$ cat target-v4.txt   # compact mmCIF, C-alpha atoms and all ligand atoms
# COMPACT_ATOMS: atom_id res chain seq x y z
CA MET A 484 17.06 -7.41 -26.09
CA HIS A 485 14.06 -7.91 -28.34
CA GLN A 486 12.49 -4.69 -29.47
CA VAL A 487 8.74 -5.07 -29.07
CA LYS A 488 6.68 -2.68 -31.17
CA LEU A 489 3.08 -1.56 -30.87
CA ALA A 490 3.28 0.27 -34.21
CA GLU A 491 6.00 1.10 -36.70
CA ASN A 492 7.73 3.59 -34.42
CA THR A 493 6.19 2.82 -31.06
CA TYR A 494 8.10 0.60 -28.67
CA TYR A 495 7.20 -1.29 -25.53
CA LEU A 496 9.74 -0.62 -22.79
CA GLY A 497 8.56 -2.68 -19.86
CA TYR A 498 10.06 -4.49 -16.89
CA ASN A 499 8.98 -7.50 -14.88
CA ASP A 500 9.18 -7.34 -11.11
CA ARG A 501 9.29 -10.82 -9.60
CA ARG A 502 10.97 -9.71 -6.39
CA THR A 503 8.44 -7.45 -4.72
CA HIS A 504 6.12 -9.37 -2.41
CA LEU A 505 3.60 -6.63 -1.74
CA PHE A 506 2.37 -4.08 -4.28
CA GLU A 507 2.11 -0.66 -2.59
CA ASN A 508 3.59 -2.62 0.34
CA ILE A 509 0.07 -3.92 1.04
CA TRP A 510 -1.21 -6.24 -1.69
CA PRO A 511 0.37 -9.66 -2.31
CA ILE A 512 1.66 -10.19 -5.83
CA PRO A 513 2.73 -13.85 -5.96
CA HIS A 514 2.83 -13.62 -9.76
CA GLY A 515 4.70 -10.30 -9.77
CA VAL A 516 3.85 -7.21 -11.78
CA SER A 517 5.14 -5.44 -14.86
CA TYR A 518 5.86 -1.73 -15.21
CA ASN A 519 5.21 -0.65 -18.79
CA SER A 520 6.63 2.43 -20.43
CA TYR A 521 6.34 3.31 -24.13
CA LEU A 522 8.61 5.13 -26.55
CA ILE A 523 7.39 6.87 -29.71
CA VAL A 524 10.12 7.69 -32.21
CA ASP A 525 9.00 10.26 -34.77
CA GLU A 526 10.36 13.65 -35.87
CA LYS A 527 10.12 14.28 -32.16
CA ILE A 528 10.66 11.54 -29.60
CA ALA A 529 8.26 10.99 -26.73
CA LEU A 530 8.27 8.68 -23.75
CA VAL A 531 4.93 7.77 -22.24
CA ASP A 532 5.38 7.23 -18.51
CA THR A 533 8.52 5.66 -17.06
CA VAL A 534 9.28 2.67 -14.83
CA GLU A 535 9.97 1.79 -11.22
CA ARG A 536 13.32 3.05 -10.06
CA GLN A 537 15.01 -0.36 -9.65
CA PHE A 538 15.01 -0.65 -13.46
CA ILE A 539 16.42 2.80 -14.29
CA ASP A 540 19.86 1.78 -15.54
CA ASP A 541 18.63 -0.77 -18.05
CA TYR A 542 15.73 1.48 -19.02
CA LEU A 543 18.10 4.28 -20.01
CA ASP A 544 20.25 1.79 -21.94
CA GLN A 545 17.22 0.44 -23.84
CA ILE A 546 16.09 3.93 -24.79
CA GLU A 547 19.55 4.71 -26.09
CA ALA A 548 19.67 1.41 -27.99
CA ILE A 549 16.58 2.57 -29.90
CA ILE A 550 17.21 6.28 -30.40
CA GLY A 551 21.02 6.43 -30.35
CA ASP A 552 22.27 9.92 -29.63
CA ARG A 553 18.97 11.62 -30.41
CA PRO A 554 17.40 13.23 -27.35
CA VAL A 555 14.02 12.43 -25.79
CA ASP A 556 11.95 15.53 -26.58
CA TYR A 557 8.87 14.86 -24.49
CA LEU A 558 8.18 12.89 -21.36
CA ILE A 559 4.43 12.39 -21.10
CA ILE A 560 3.36 11.79 -17.52
CA ASN A 561 -0.04 10.15 -17.41
CA HIS A 562 0.31 9.20 -13.78
CA MET A 563 2.70 10.31 -11.05
CA GLU A 564 2.65 7.26 -8.78
CA PRO A 565 6.29 6.37 -8.16
CA ASP A 566 6.12 2.97 -9.89
CA HIS A 567 5.68 4.96 -13.12
CA SER A 568 7.37 8.26 -12.32
CA GLY A 569 10.43 6.58 -10.76
CA ALA A 570 12.71 7.37 -13.69
CA ILE A 571 11.64 10.99 -14.27
CA LYS A 572 14.71 12.40 -12.57
CA ALA A 573 17.01 10.03 -14.47
CA ILE A 574 15.40 11.02 -17.79
CA LYS A 575 15.72 14.69 -16.95
CA THR A 576 19.37 14.20 -16.00
CA LYS A 577 20.19 12.32 -19.21
CA TYR A 578 18.04 14.52 -21.47
CA PRO A 579 18.11 17.96 -19.79
CA GLU A 580 16.13 19.64 -22.58
CA VAL A 581 13.22 17.21 -22.25
CA THR A 582 9.77 18.81 -21.98
CA LEU A 583 7.53 17.31 -19.33
CA VAL A 584 3.96 16.91 -20.55
CA GLY A 585 1.24 16.81 -17.93
CA ASN A 586 -1.49 18.83 -16.32
CA LYS A 587 -1.42 21.37 -13.50
CA LYS A 588 -1.70 18.69 -10.86
CA THR A 589 1.03 16.57 -12.47
CA PHE A 590 3.62 19.28 -12.10
CA GLY A 591 2.71 19.83 -8.46
CA PHE A 592 3.50 16.17 -7.84
CA VAL A 593 6.75 16.39 -9.83
CA GLU A 594 7.84 19.20 -7.54
CA SER A 595 6.80 17.29 -4.39
CA PHE A 596 8.60 14.11 -5.36
CA TYR A 597 11.54 15.10 -7.55
CA PHE A 598 12.35 18.68 -8.58
CA LYS A 599 10.76 21.97 -9.60
CA PRO A 600 9.87 21.35 -13.24
CA GLU A 601 10.85 24.02 -15.74
CA ASN A 602 10.39 22.78 -19.32
CA THR A 603 6.74 21.91 -19.13
CA LEU A 604 3.83 21.61 -21.51
CA GLU A 605 0.57 21.85 -19.60
CA VAL A 606 -2.24 20.02 -21.35
CA HIS A 607 -5.98 19.94 -20.79
CA ASP A 608 -8.85 17.78 -21.99
CA GLY A 609 -8.66 17.31 -25.75
CA ALA A 610 -5.29 19.09 -26.15
CA THR A 611 -3.09 17.63 -28.88
CA LEU A 612 0.63 17.30 -29.52
CA GLU A 613 2.14 16.47 -32.90
CA LEU A 614 5.36 14.48 -32.93
CA GLY A 615 5.54 14.30 -36.74
CA GLU A 616 3.31 11.60 -38.17
CA VAL A 617 1.97 10.72 -34.78
CA LYS A 618 -0.59 13.03 -33.27
CA LEU A 619 -1.34 12.62 -29.58
CA GLN A 620 -4.44 13.70 -27.74
CA PHE A 621 -4.85 14.00 -23.97
CA GLN A 622 -7.87 13.23 -21.82
CA MET A 623 -8.11 13.75 -18.07
CA ILE A 624 -9.45 10.82 -16.04
CA PRO A 625 -9.01 12.13 -12.49
CA MET A 626 -8.95 9.58 -9.63
CA VAL A 627 -8.35 6.56 -11.81
CA HIS A 628 -6.59 6.50 -9.54
CA TRP A 629 -4.81 9.70 -8.53
CA PRO A 630 -6.03 13.30 -8.99
CA GLU A 631 -3.63 14.06 -11.85
CA THR A 632 -4.35 10.90 -13.84
CA MET A 633 -4.77 11.37 -17.57
CA VAL A 634 -4.53 9.18 -20.65
CA THR A 635 -2.76 9.75 -23.94
CA TYR A 636 -4.42 8.72 -27.19
CA ASP A 637 -2.34 8.24 -30.31
CA GLU A 638 -4.79 9.39 -33.00
CA THR A 639 -2.56 8.11 -35.79
CA ASN A 640 -2.16 4.52 -34.62
CA LYS A 641 -5.29 4.53 -32.46
CA ILE A 642 -3.44 3.44 -29.35
CA LEU A 643 -4.71 4.42 -25.93
CA PHE A 644 -1.90 4.79 -23.39
CA SER A 645 -4.17 4.30 -20.45
CA GLY A 646 -1.94 4.57 -17.39
CA ASP A 647 -3.14 2.34 -14.57
CA ALA A 648 -6.61 1.97 -16.10
CA PHE A 649 -6.99 -1.52 -17.60
CA GLY A 650 -3.80 -2.61 -15.87
CA SER A 651 -3.14 -5.96 -14.25
CA TYR A 652 -0.95 -7.70 -11.71
CA GLY A 653 1.17 -10.51 -13.10
CA THR A 654 4.42 -10.27 -14.97
CA LEU A 655 4.56 -10.51 -18.75
CA ASP A 656 6.25 -13.88 -19.06
CA GLY A 657 7.35 -13.61 -22.65
CA GLY A 658 3.97 -12.67 -24.10
CA VAL A 659 3.27 -8.95 -24.12
CA PHE A 660 0.12 -8.66 -26.26
CA ASP A 661 -3.21 -10.22 -25.32
CA ASP A 662 -3.16 -12.54 -28.35
CA GLU A 663 0.24 -13.91 -27.31
CA ILE A 664 -1.00 -15.05 -23.92
CA ASN A 665 -3.46 -17.54 -22.48
CA LEU A 666 -5.66 -15.00 -20.71
CA ASP A 667 -6.85 -17.54 -18.12
CA PHE A 668 -3.75 -16.53 -16.16
CA TYR A 669 -4.81 -12.88 -16.10
CA GLU A 670 -8.44 -13.58 -15.21
CA VAL A 671 -7.53 -13.48 -11.53
CA GLU A 672 -4.61 -11.06 -11.74
CA ILE A 673 -6.49 -8.32 -13.56
CA MET A 674 -9.49 -8.48 -11.28
CA ARG A 675 -7.37 -8.37 -8.15
CA TYR A 676 -5.48 -5.41 -9.57
CA PHE A 677 -8.74 -3.62 -10.30
CA THR A 678 -10.40 -4.42 -6.98
CA ASN A 679 -7.34 -3.72 -4.83
CA ILE A 680 -6.04 -0.63 -6.57
CA VAL A 681 -8.80 1.02 -8.57
CA GLY A 682 -11.80 -0.42 -6.71
CA LYS A 683 -12.25 2.63 -4.51
CA TYR A 684 -12.79 4.72 -7.63
CA CYS A 685 -15.57 2.84 -9.41
CA PRO A 686 -17.66 5.95 -10.17
CA HIS A 687 -14.57 7.67 -11.59
CA THR A 688 -13.80 4.56 -13.65
CA GLN A 689 -17.33 4.62 -15.03
CA ARG A 690 -16.94 8.29 -15.94
CA ALA A 691 -13.63 7.51 -17.65
CA ILE A 692 -15.10 4.60 -19.64
CA LYS A 693 -17.92 6.82 -20.89
CA LYS A 694 -15.58 9.69 -21.65
CA LEU A 695 -13.21 7.51 -23.69
CA ALA A 696 -15.98 5.62 -25.50
CA PRO A 697 -16.09 7.98 -28.55
CA LEU A 698 -12.40 7.36 -29.27
CA ASP A 699 -11.63 4.82 -31.99
CA ILE A 700 -9.32 2.65 -29.92
CA LYS A 701 -7.52 -0.27 -31.59
CA MET A 702 -5.04 -0.92 -28.81
CA ILE A 703 -4.89 -0.33 -25.06
CA ALA A 704 -1.44 0.02 -23.58
CA ALA A 705 -1.60 0.22 -19.79
CA THR A 706 1.25 0.70 -17.36
CA HIS A 707 0.85 -2.82 -15.92
CA GLY A 708 0.05 -6.10 -17.61
CA PRO A 709 -0.73 -7.07 -21.20
CA ILE A 710 -1.21 -4.72 -24.13
CA TRP A 711 -4.68 -5.26 -25.59
CA ARG A 712 -4.80 -5.29 -29.39
CA THR A 713 -7.06 -8.23 -30.31
CA ASP A 714 -9.78 -8.72 -27.72
CA LEU A 715 -10.23 -5.27 -26.21
CA ASP A 716 -13.69 -6.22 -25.09
CA TRP A 717 -12.18 -8.85 -22.78
CA VAL A 718 -10.79 -6.13 -20.57
CA LEU A 719 -13.36 -3.40 -21.24
CA SER A 720 -16.36 -5.57 -20.39
CA ARG A 721 -14.75 -6.71 -17.15
CA TYR A 722 -13.83 -3.19 -16.05
CA ASN A 723 -17.36 -2.12 -16.86
CA LYS A 724 -18.90 -4.93 -14.81
CA TRP A 725 -16.67 -4.45 -11.79
CA SER A 726 -16.95 -0.67 -11.71
CA THR A 727 -20.76 -0.88 -11.65
CA TYR A 728 -20.68 -3.29 -8.67
CA ASP A 729 -22.38 -5.87 -10.83
CA THR A 730 -22.09 -9.03 -8.71
CA ASP A 731 -23.17 -12.67 -8.95
CA PRO A 732 -25.46 -14.42 -6.43
CA GLY A 733 -22.75 -15.92 -4.24
CA VAL A 734 -21.74 -15.37 -0.61
CA ILE A 735 -18.49 -14.70 1.20
CA VAL A 736 -18.48 -15.87 4.80
CA VAL A 737 -15.48 -14.45 6.63
CA TYR A 738 -14.65 -14.86 10.27
CA GLY A 739 -12.08 -14.08 12.95
CA SER A 740 -11.78 -16.84 15.51
CA MET A 741 -9.19 -17.93 18.06
CA TYR A 742 -10.71 -21.09 19.51
CA GLY A 743 -13.13 -22.16 16.83
CA ASN A 744 -16.53 -21.05 18.20
CA THR A 745 -16.98 -18.27 15.64
CA GLN A 746 -15.64 -20.55 12.95
CA LYS A 747 -18.27 -23.15 13.82
CA MET A 748 -21.01 -20.58 13.31
CA ALA A 749 -19.50 -19.76 9.92
CA GLU A 750 -19.55 -23.44 8.93
CA VAL A 751 -23.22 -23.76 9.88
CA ILE A 752 -24.14 -20.68 7.88
CA ALA A 753 -22.15 -21.87 4.86
CA ARG A 754 -23.73 -25.34 4.92
CA GLN A 755 -27.22 -23.89 5.10
CA LEU A 756 -26.49 -21.57 2.18
CA SER A 757 -25.47 -24.64 0.24
CA GLU A 758 -28.63 -26.51 1.25
CA ARG A 759 -30.53 -23.57 -0.18
CA GLY A 760 -28.81 -23.98 -3.53
CA ILE A 761 -26.19 -21.25 -3.37
CA LYS A 762 -23.25 -22.60 -5.32
CA ASP A 763 -20.68 -19.86 -4.91
CA ILE A 764 -19.84 -19.80 -1.23
CA ARG A 765 -16.37 -18.79 -0.09
CA VAL A 766 -15.49 -19.18 3.57
CA TYR A 767 -12.40 -17.30 4.72
CA ASP A 768 -10.47 -17.14 7.96
CA ALA A 769 -9.48 -13.48 8.15
CA SER A 770 -6.25 -14.41 9.93
CA LYS A 771 -5.09 -16.52 7.04
CA THR A 772 -6.44 -15.03 3.83
CA HIS A 773 -5.17 -11.59 2.91
CA SER A 774 -7.79 -8.87 2.43
CA SER A 775 -6.66 -8.59 -1.18
CA TYR A 776 -8.39 -11.89 -2.04
CA ILE A 777 -11.46 -11.31 0.13
CA ILE A 778 -12.00 -7.81 -1.29
CA ASN A 779 -11.72 -9.36 -4.72
CA ASP A 780 -14.50 -11.81 -3.95
CA ILE A 781 -16.66 -9.02 -2.55
CA PHE A 782 -16.57 -7.52 -6.05
CA LYS A 783 -17.68 -10.92 -7.38
CA TYR A 784 -20.48 -11.89 -5.01
CA LYS A 785 -23.42 -9.97 -3.64
CA GLY A 786 -23.64 -11.64 -0.22
CA PHE A 787 -21.22 -10.88 2.61
CA ILE A 788 -21.54 -12.48 6.03
CA VAL A 789 -18.94 -11.48 8.59
CA GLY A 790 -18.27 -12.92 12.02
CA SER A 791 -15.91 -12.00 14.80
CA CYS A 792 -15.10 -13.13 18.28
CA ALA A 793 -14.77 -10.41 20.90
CA TYR A 794 -11.22 -9.28 21.46
CA ASN A 795 -10.39 -6.68 24.11
CA ASN A 796 -13.76 -4.96 23.73
CA ALA A 797 -13.32 -4.81 19.99
CA MET A 798 -13.64 -7.11 17.04
CA PHE A 799 -10.83 -9.49 16.17
CA PRO A 800 -7.98 -7.33 14.75
CA ASN A 801 -7.70 -9.21 11.45
CA VAL A 802 -11.42 -8.80 10.83
CA GLN A 803 -11.05 -5.13 11.73
CA THR A 804 -8.36 -4.71 9.07
CA LEU A 805 -10.64 -6.18 6.44
CA ILE A 806 -13.65 -4.15 7.57
CA THR A 807 -11.63 -0.93 7.56
CA THR A 808 -10.48 -1.65 4.02
CA ILE A 809 -14.02 -2.33 2.83
CA GLU A 810 -15.28 0.88 4.43
CA HIS A 811 -12.39 2.84 3.01
CA MET A 812 -13.14 1.51 -0.47
CA GLY A 813 -16.81 2.41 -0.14
CA ILE A 814 -17.92 -0.75 -1.93
CA LYS A 815 -21.65 -0.54 -2.67
CA ASP A 816 -24.73 -2.64 -3.08
CA HIS A 817 -24.37 -5.85 -1.05
CA TYR A 818 -26.42 -8.01 1.27
CA LEU A 819 -24.92 -8.25 4.75
CA GLY A 820 -25.06 -10.67 7.67
CA VAL A 821 -23.30 -10.33 11.04
CA PHE A 822 -22.45 -12.89 13.71
CA GLY A 823 -19.92 -13.44 16.48
CA ASN A 824 -18.87 -14.97 19.76
CA TYR A 825 -17.88 -13.69 23.17
CA ALA A 826 -17.25 -14.72 26.77
CA TRP A 827 -18.02 -11.71 28.96
CA ASN A 828 -19.18 -8.29 27.67
CA GLY A 829 -18.75 -8.78 23.92
CA GLY A 830 -17.09 -6.39 21.46
CA GLY A 831 -17.07 -8.23 18.13
CA VAL A 832 -20.68 -8.00 17.03
CA LYS A 833 -21.13 -4.56 18.63
CA ASN A 834 -18.38 -3.16 16.45
CA LEU A 835 -19.43 -5.08 13.37
CA MET A 836 -22.79 -3.37 13.71
CA LYS A 837 -21.06 0.02 13.58
CA PHE A 838 -19.61 -1.16 10.28
CA ALA A 839 -23.11 -2.21 9.17
CA GLU A 840 -24.40 1.29 9.91
CA ASN A 841 -21.56 2.98 8.06
CA ILE A 842 -21.51 0.82 4.96
CA LYS A 843 -25.31 0.93 4.55
CA TRP A 844 -25.56 -2.50 2.90
CA ASP A 845 -28.85 -4.36 3.18
CA LEU A 846 -28.70 -6.19 6.55
CA VAL A 847 -30.65 -9.38 5.89
CA HIS A 848 -31.05 -10.56 9.51
CA ASP A 849 -30.50 -9.36 13.06
CA PRO A 850 -26.95 -9.92 14.27
CA ILE A 851 -26.28 -13.22 16.05
CA GLU A 852 -23.97 -13.41 19.05
CA GLU A 853 -23.24 -16.66 20.86
CA LYS A 854 -21.53 -17.00 24.23
CA GLY A 855 -18.96 -19.77 23.87
CA ALA A 856 -20.02 -23.07 22.35
CA LEU A 857 -22.76 -22.94 19.73
CA LYS A 858 -26.07 -23.98 21.31
CA LYS A 859 -29.45 -24.83 19.81
CA ASP A 860 -31.10 -21.42 19.73
CA LYS A 861 -28.12 -19.65 18.16
CA PHE A 862 -27.65 -22.59 15.79
CA GLU A 863 -31.23 -22.00 14.63
CA GLN A 864 -30.50 -18.31 14.23
CA CYS A 865 -27.48 -19.10 12.07
CA ILE A 866 -29.80 -21.19 9.89
CA ASP A 867 -32.24 -18.27 9.75
CA LEU A 868 -29.48 -15.87 8.77
CA ALA A 869 -28.36 -18.18 5.95
CA ASN A 870 -31.96 -18.58 4.81
CA ALA A 871 -32.53 -14.83 4.82
CA MET A 872 -29.41 -14.36 2.71
CA ALA A 873 -30.42 -17.14 0.32
CA ASP A 874 -33.93 -15.66 0.00
CA LYS A 875 -32.50 -12.30 -1.03
CA LEU A 876 -30.07 -13.82 -3.51
CA LEU A 877 -32.56 -16.22 -5.06
CA GLN A 878 -35.26 -13.61 -5.48
CA ALA A 879 -32.89 -11.12 -7.11
C1 LIG B 1 -7.10 -11.81 24.20
C2 LIG B 1 -8.56 -12.06 24.37
C3 LIG B 1 -9.42 -11.00 24.50
C4 LIG B 1 -10.78 -11.20 24.68
N1 LIG B 1 -11.59 -10.12 24.80
C5 LIG B 1 -12.91 -10.32 25.05
C6 LIG B 1 -13.78 -9.21 25.23
O1 LIG B 1 -13.39 -8.07 25.19
N2 LIG B 1 -15.07 -9.44 25.49
C7 LIG B 1 -15.58 -10.73 25.57
O2 LIG B 1 -16.77 -10.88 25.80
N3 LIG B 1 -14.79 -11.79 25.37
C8 LIG B 1 -13.46 -11.62 25.12
N4 LIG B 1 -12.63 -12.68 24.92
C9 LIG B 1 -13.21 -14.03 24.94
C10 LIG B 1 -13.52 -14.54 23.54
O3 LIG B 1 -14.17 -13.60 22.79
C11 LIG B 1 -14.37 -15.79 23.69
O4 LIG B 1 -13.61 -16.81 24.28
C12 LIG B 1 -14.95 -16.29 22.39
O5 LIG B 1 -15.71 -17.44 22.62
C13 LIG B 1 -13.82 -16.66 21.41
O6 LIG B 1 -14.39 -17.04 20.21
P1 LIG B 1 -13.58 -18.04 19.26
O7 LIG B 1 -13.70 -19.43 19.81
O8 LIG B 1 -14.23 -17.92 17.93
O9 LIG B 1 -12.16 -17.59 19.22
C14 LIG B 1 -11.29 -12.52 24.76
C15 LIG B 1 -10.41 -13.59 24.61
C16 LIG B 1 -9.06 -13.37 24.43
C17 LIG B 1 -8.15 -14.55 24.30

$ encode --input "target-v4.txt" --output "structure tokens" --more "lines below"
Ligand SMILES: Cc1cc2nc3c(=O)[nH]c(=O)nc-3n(C[C@H](O)[C@H](O)[C@H](O)COP(=O)(O)O)c2cc1C
Amino acid sequence: MHQVKLAENTYYLGYNDRRTHLFENIWPIPHGVSYNSYLIVDEKIALVDTVERQFIDDYLDQIEAIIGDRPVDYLIINHMEPDHSGAIKAIKTKYPEVTLVGNKKTFGFVESFYFKPENTLEVHDGATLELGEVKLQFQMIPMVHWPETMVTYDETNKILFSGDAFGSYGTLDGGVFDDEINLDFYEVEIMRYFTNIVGKYCPHTQRAIKKLAPLDIKMIAATHGPIWRTDLDWVLSRYNKWSTYDTDPGVIVVYGSMYGNTQKMAEVIARQLSERGIKDIRVYDASKTHSSYIINDIFKYKGFIVGSCAYNNAMFPNVQTLITTIEHMGIKDHYLGVFGNYAWNGGGVKNLMKFAENIKWDLVHDPIEEKGALKKDKFEQCIDLANAMADKLLQA
């Protein structure tokens, strides 16, 4: 195997997962994902995070290929999610004297998932650990995106081992560093990773960005995706934009429809938005497009218009799934429109309005509910809704 180095004695030990269809068994990853671990070989040897358990055997072999019969002295656990902590038990078994480095919360998770940790070094904000030449510093960034999450900063080589922060979907297909890759590929993958996985924790991400700003960072080594050593601003500016809910003046129109009546309303709304000069309009059928992609666009565009037919006194189940995810993520600062279709006592719009109340976005127009085929008065209302949305976006 190639040995890929971040610095003289710092190695990339990552694995590409092209088999898993759904990250966290929810989010589609058609382009896979990488799990990145790092090995620092100094007077003392430290691993920074591990890998998903399917890669354990090769991972142990690669470590041994680098350090021979020397032991791993420290296992630094920035994040306990199993795709990174999966090899902790294997490391402990192979290197029984290893000291686990983490914070109070980390060790609670180690005990829950794997074993009661004994050799531990509990670190706090600003604590340091010298490996020889390399001096490491720890900073807590809770909820980016678990409570125990921290980052490790190599003061000597100025490398930030950032855990999931600044991570990306997408395997590393040969290129590992940002300057080895055409980043167009990651434009979508990194945003979807952020919006799907970290998006719930935007305020925490903002706090983390501000907290880490004073560090002189020359390289960002996350646990997924490329290592950033040339254009750090590429990733930092994007994370900053997304985590402040800074959106562009476009609109997502999403609908749930069995027989096409709700869909027709969506088409009318979309066309009118276009007539008003809105260029970024994305129309999605919630039964076909996974929430992962729609959520991603909600982080891109300020307008969100959602429609649902009535379904057993409720909204259409696939719209409900999306709505629940949006509510759960607590996405802020959008313009909202609501429409739907029914045949007897409704259920779609009624429940979408409960969502409107909970999410507290700016409702640009009264909800529109048609009974069956779209008729003139509701057609006009769809036009009005689109106009109200366009007015808001164009005046902003
Ligand atoms: C399984 C099923 C459940 C439905 N539940 C309701 C309901 O609870 N209330 C209602 O008013 N209409 C209900 N409808 C009727 C549809 O909402 C109605 O036909 C609507 O026009 C469908 O919109 P669409 O053409 O966009 O699918 C139901 C239809 C089906 C097939």

$ residues_near_ligand --input "target-v4.txt" --ligand "ligand LIG 1 (chain B)" --cutoff "10 Å" --atoms "all atoms listed in the file" --output "ChimeraX atom specification"
/A:738-749,790-799,823-831,852-857

$ write_last_selection --input "target-v4.txt" --atoms "C-alpha atoms" --output "mmCIF file, in the frame of the given file"
data_model
loop_
_atom_site.group_PDB
_atom_site.id
_atom_site.type_symbol
_atom_site.label_atom_id
_atom_site.label_comp_id
_atom_site.auth_asym_id
_atom_site.auth_seq_id
_atom_site.Cartn_x
_atom_site.Cartn_y
_atom_site.Cartn_z
ATOM 1 C CA TYR A 738 -14.650 -14.860 10.270
ATOM 2 C CA GLY A 739 -12.080 -14.080 12.950
ATOM 3 C CA SER A 740 -11.780 -16.840 15.510
ATOM 4 C CA MET A 741 -9.190 -17.930 18.060
ATOM 5 C CA TYR A 742 -10.710 -21.090 19.510
ATOM 6 C CA GLY A 743 -13.130 -22.160 16.830
ATOM 7 C CA ASN A 744 -16.530 -21.050 18.200
ATOM 8 C CA THR A 745 -16.980 -18.270 15.640
ATOM 9 C CA GLN A 746 -15.640 -20.550 12.950
ATOM 10 C CA LYS A 747 -18.270 -23.150 13.820
ATOM 11 C CA MET A 748 -21.010 -20.580 13.310
ATOM 12 C CA ALA A 749 -19.500 -19.760 9.920
ATOM 13 C CA GLY A 790 -18.270 -12.920 12.020
ATOM 14 C CA SER A 791 -15.910 -12.000 14.800
ATOM 15 C CA CYS A 792 -15.100 -13.130 18.280
ATOM 16 C CA ALA A 793 -14.770 -10.410 20.900
ATOM 17 C CA TYR A 794 -11.220 -9.280 21.460
ATOM 18 C CA ASN A 795 -10.390 -6.680 24.110
ATOM 19 C CA ASN A 796 -13.760 -4.960 23.730
ATOM 20 C CA ALA A 797 -13.320 -4.810 19.990
ATOM 21 C CA MET A 798 -13.640 -7.110 17.040
ATOM 22 C CA PHE A 799 -10.830 -9.490 16.170
ATOM 23 C CA GLY A 823 -19.920 -13.440 16.480
ATOM 24 C CA ASN A 824 -18.870 -14.970 19.760
ATOM 25 C CA TYR A 825 -17.880 -13.690 23.170
ATOM 26 C CA ALA A 826 -17.250 -14.720 26.770
ATOM 27 C CA TRP A 827 -18.020 -11.710 28.960
ATOM 28 C CA ASN A 828 -19.180 -8.290 27.670
ATOM 29 C CA GLY A 829 -18.750 -8.780 23.920
ATOM 30 C CA GLY A 830 -17.090 -6.390 21.460
ATOM 31 C CA GLY A 831 -17.070 -8.230 18.130
ATOM 32 C CA GLU A 852 -23.970 -13.410 19.050
ATOM 33 C CA GLU A 853 -23.240 -16.660 20.860
ATOM 34 C CA LYS A 854 -21.530 -17.000 24.230
ATOM 35 C CA GLY A 855 -18.960 -19.770 23.870
ATOM 36 C CA ALA A 856 -20.020 -23.070 22.350
ATOM 37 C CA LEU A 857 -22.760 -22.940 19.730
#

$ atom_distance --input "target-v4.txt" --atom1 "CA of Ile781 in chain A" --atom2 "CA of Lys724 in chain A"
13.1 Å

$ closest_residue --input "target-v4.txt" --among "A:Gly657, A:Gly551, A:Gly609, A:Gly615" --to "Ala529 in chain A" --atoms "only C-alpha atoms"
A:Gly615

$ atom_distance --input "target-v4.txt" --atom1 "CA of Trp629 in chain A" --atom2 "CA of Thr804 in chain A"
23.0 Å

$ residues_around --input "target-v4.txt" --residues "Ile559 in chain A" --least-positions-apart "6" --cutoff "9 Å" --atoms "only C-alpha atoms" --output "list in words"
Ala529, Leu530, Val531, Asp532, Thr533, Thr582, Leu583, Val584, Gly585 and Thr635 of chain A

$ residues_near_point --input "target-v4.txt" --point "(-21.2, -12.8, 3.5)" --cutoff "10 Å" --atoms "only C-alpha atoms" --output "list in words"
Gly733, Val734, Ile735, Val736, Val737, Tyr738, Ala749, Ile752, Ala753, Ile764, Arg765, Val766, Tyr767, Ile781, Tyr784, Lys785, Gly786, Phe787, Ile788, Val789, Gly790, His817, Tyr818, Leu819, Gly820, Val821, Ala869 and Met872 of chain A

$ closest_residue --input "target-v4.txt" --among "A:Asn492, A:Thr678, A:Thr706, A:Asn561" --to "Tyr636 in chain A" --atoms "only C-alpha atoms"
A:Asn561

$ residues_around --input "target-v4.txt" --residues "Ile814 in chain A" --least-positions-apart "3" --cutoff "8 Å" --atoms "all atoms listed in the file" --output "list in words"
Gly682, Lys683, Tyr728, Ile809, Glu810 and Ile842 of chain A

$ axis_aligned_box --input "target-v4.txt" --around "range 655-672 of chain A" --padding-each-side "3 Å" --output "lines of an AutoDock Vina configuration file"
center_x = -0.5
center_y = -13.1
center_z = -19.9
size_x = 21.8
size_y = 14.9
size_z = 22.8

$ atom_distance --input "target-v4.txt" --atom1 "CA of Glu863 in chain A" --atom2 "CA of Glu758 in chain A"
14.4 Å

$ closest_residue --input "target-v4.txt" --among "A:Thr654, A:Asn841, A:Ser645, A:Thr772" --to "Asp500 in chain A" --atoms "all atoms listed in the file"
A:Thr654

$ residues_around --input "target-v4.txt" --residues "Gly515 in chain A" --least-positions-apart "2" --cutoff "7 Å" --atoms "all atoms listed in the file" --output "ChimeraX atom specification"
/A:500-501,503,512-513,652-654

$ write_last_selection --input "target-v4.txt" --atoms "C-alpha atoms" --output "PDB file, in the coordinates of the input"
ATOM      1  CA  ASP A 500       9.180  -7.340 -11.110  1.00  0.00           C
ATOM      2  CA  ARG A 501       9.290 -10.820  -9.600  1.00  0.00           C
ATOM      3  CA  THR A 503       8.440  -7.450  -4.720  1.00  0.00           C
ATOM      4  CA  ILE A 512       1.660 -10.190  -5.830  1.00  0.00           C
ATOM      5  CA  PRO A 513       2.730 -13.850  -5.960  1.00  0.00           C
ATOM      6  CA  TYR A 652      -0.950  -7.700 -11.710  1.00  0.00           C
ATOM      7  CA  GLY A 653       1.170 -10.510 -13.100  1.00  0.00           C
ATOM      8  CA  THR A 654       4.420 -10.270 -14.970  1.00  0.00           C
TER       9      THR A 654
END
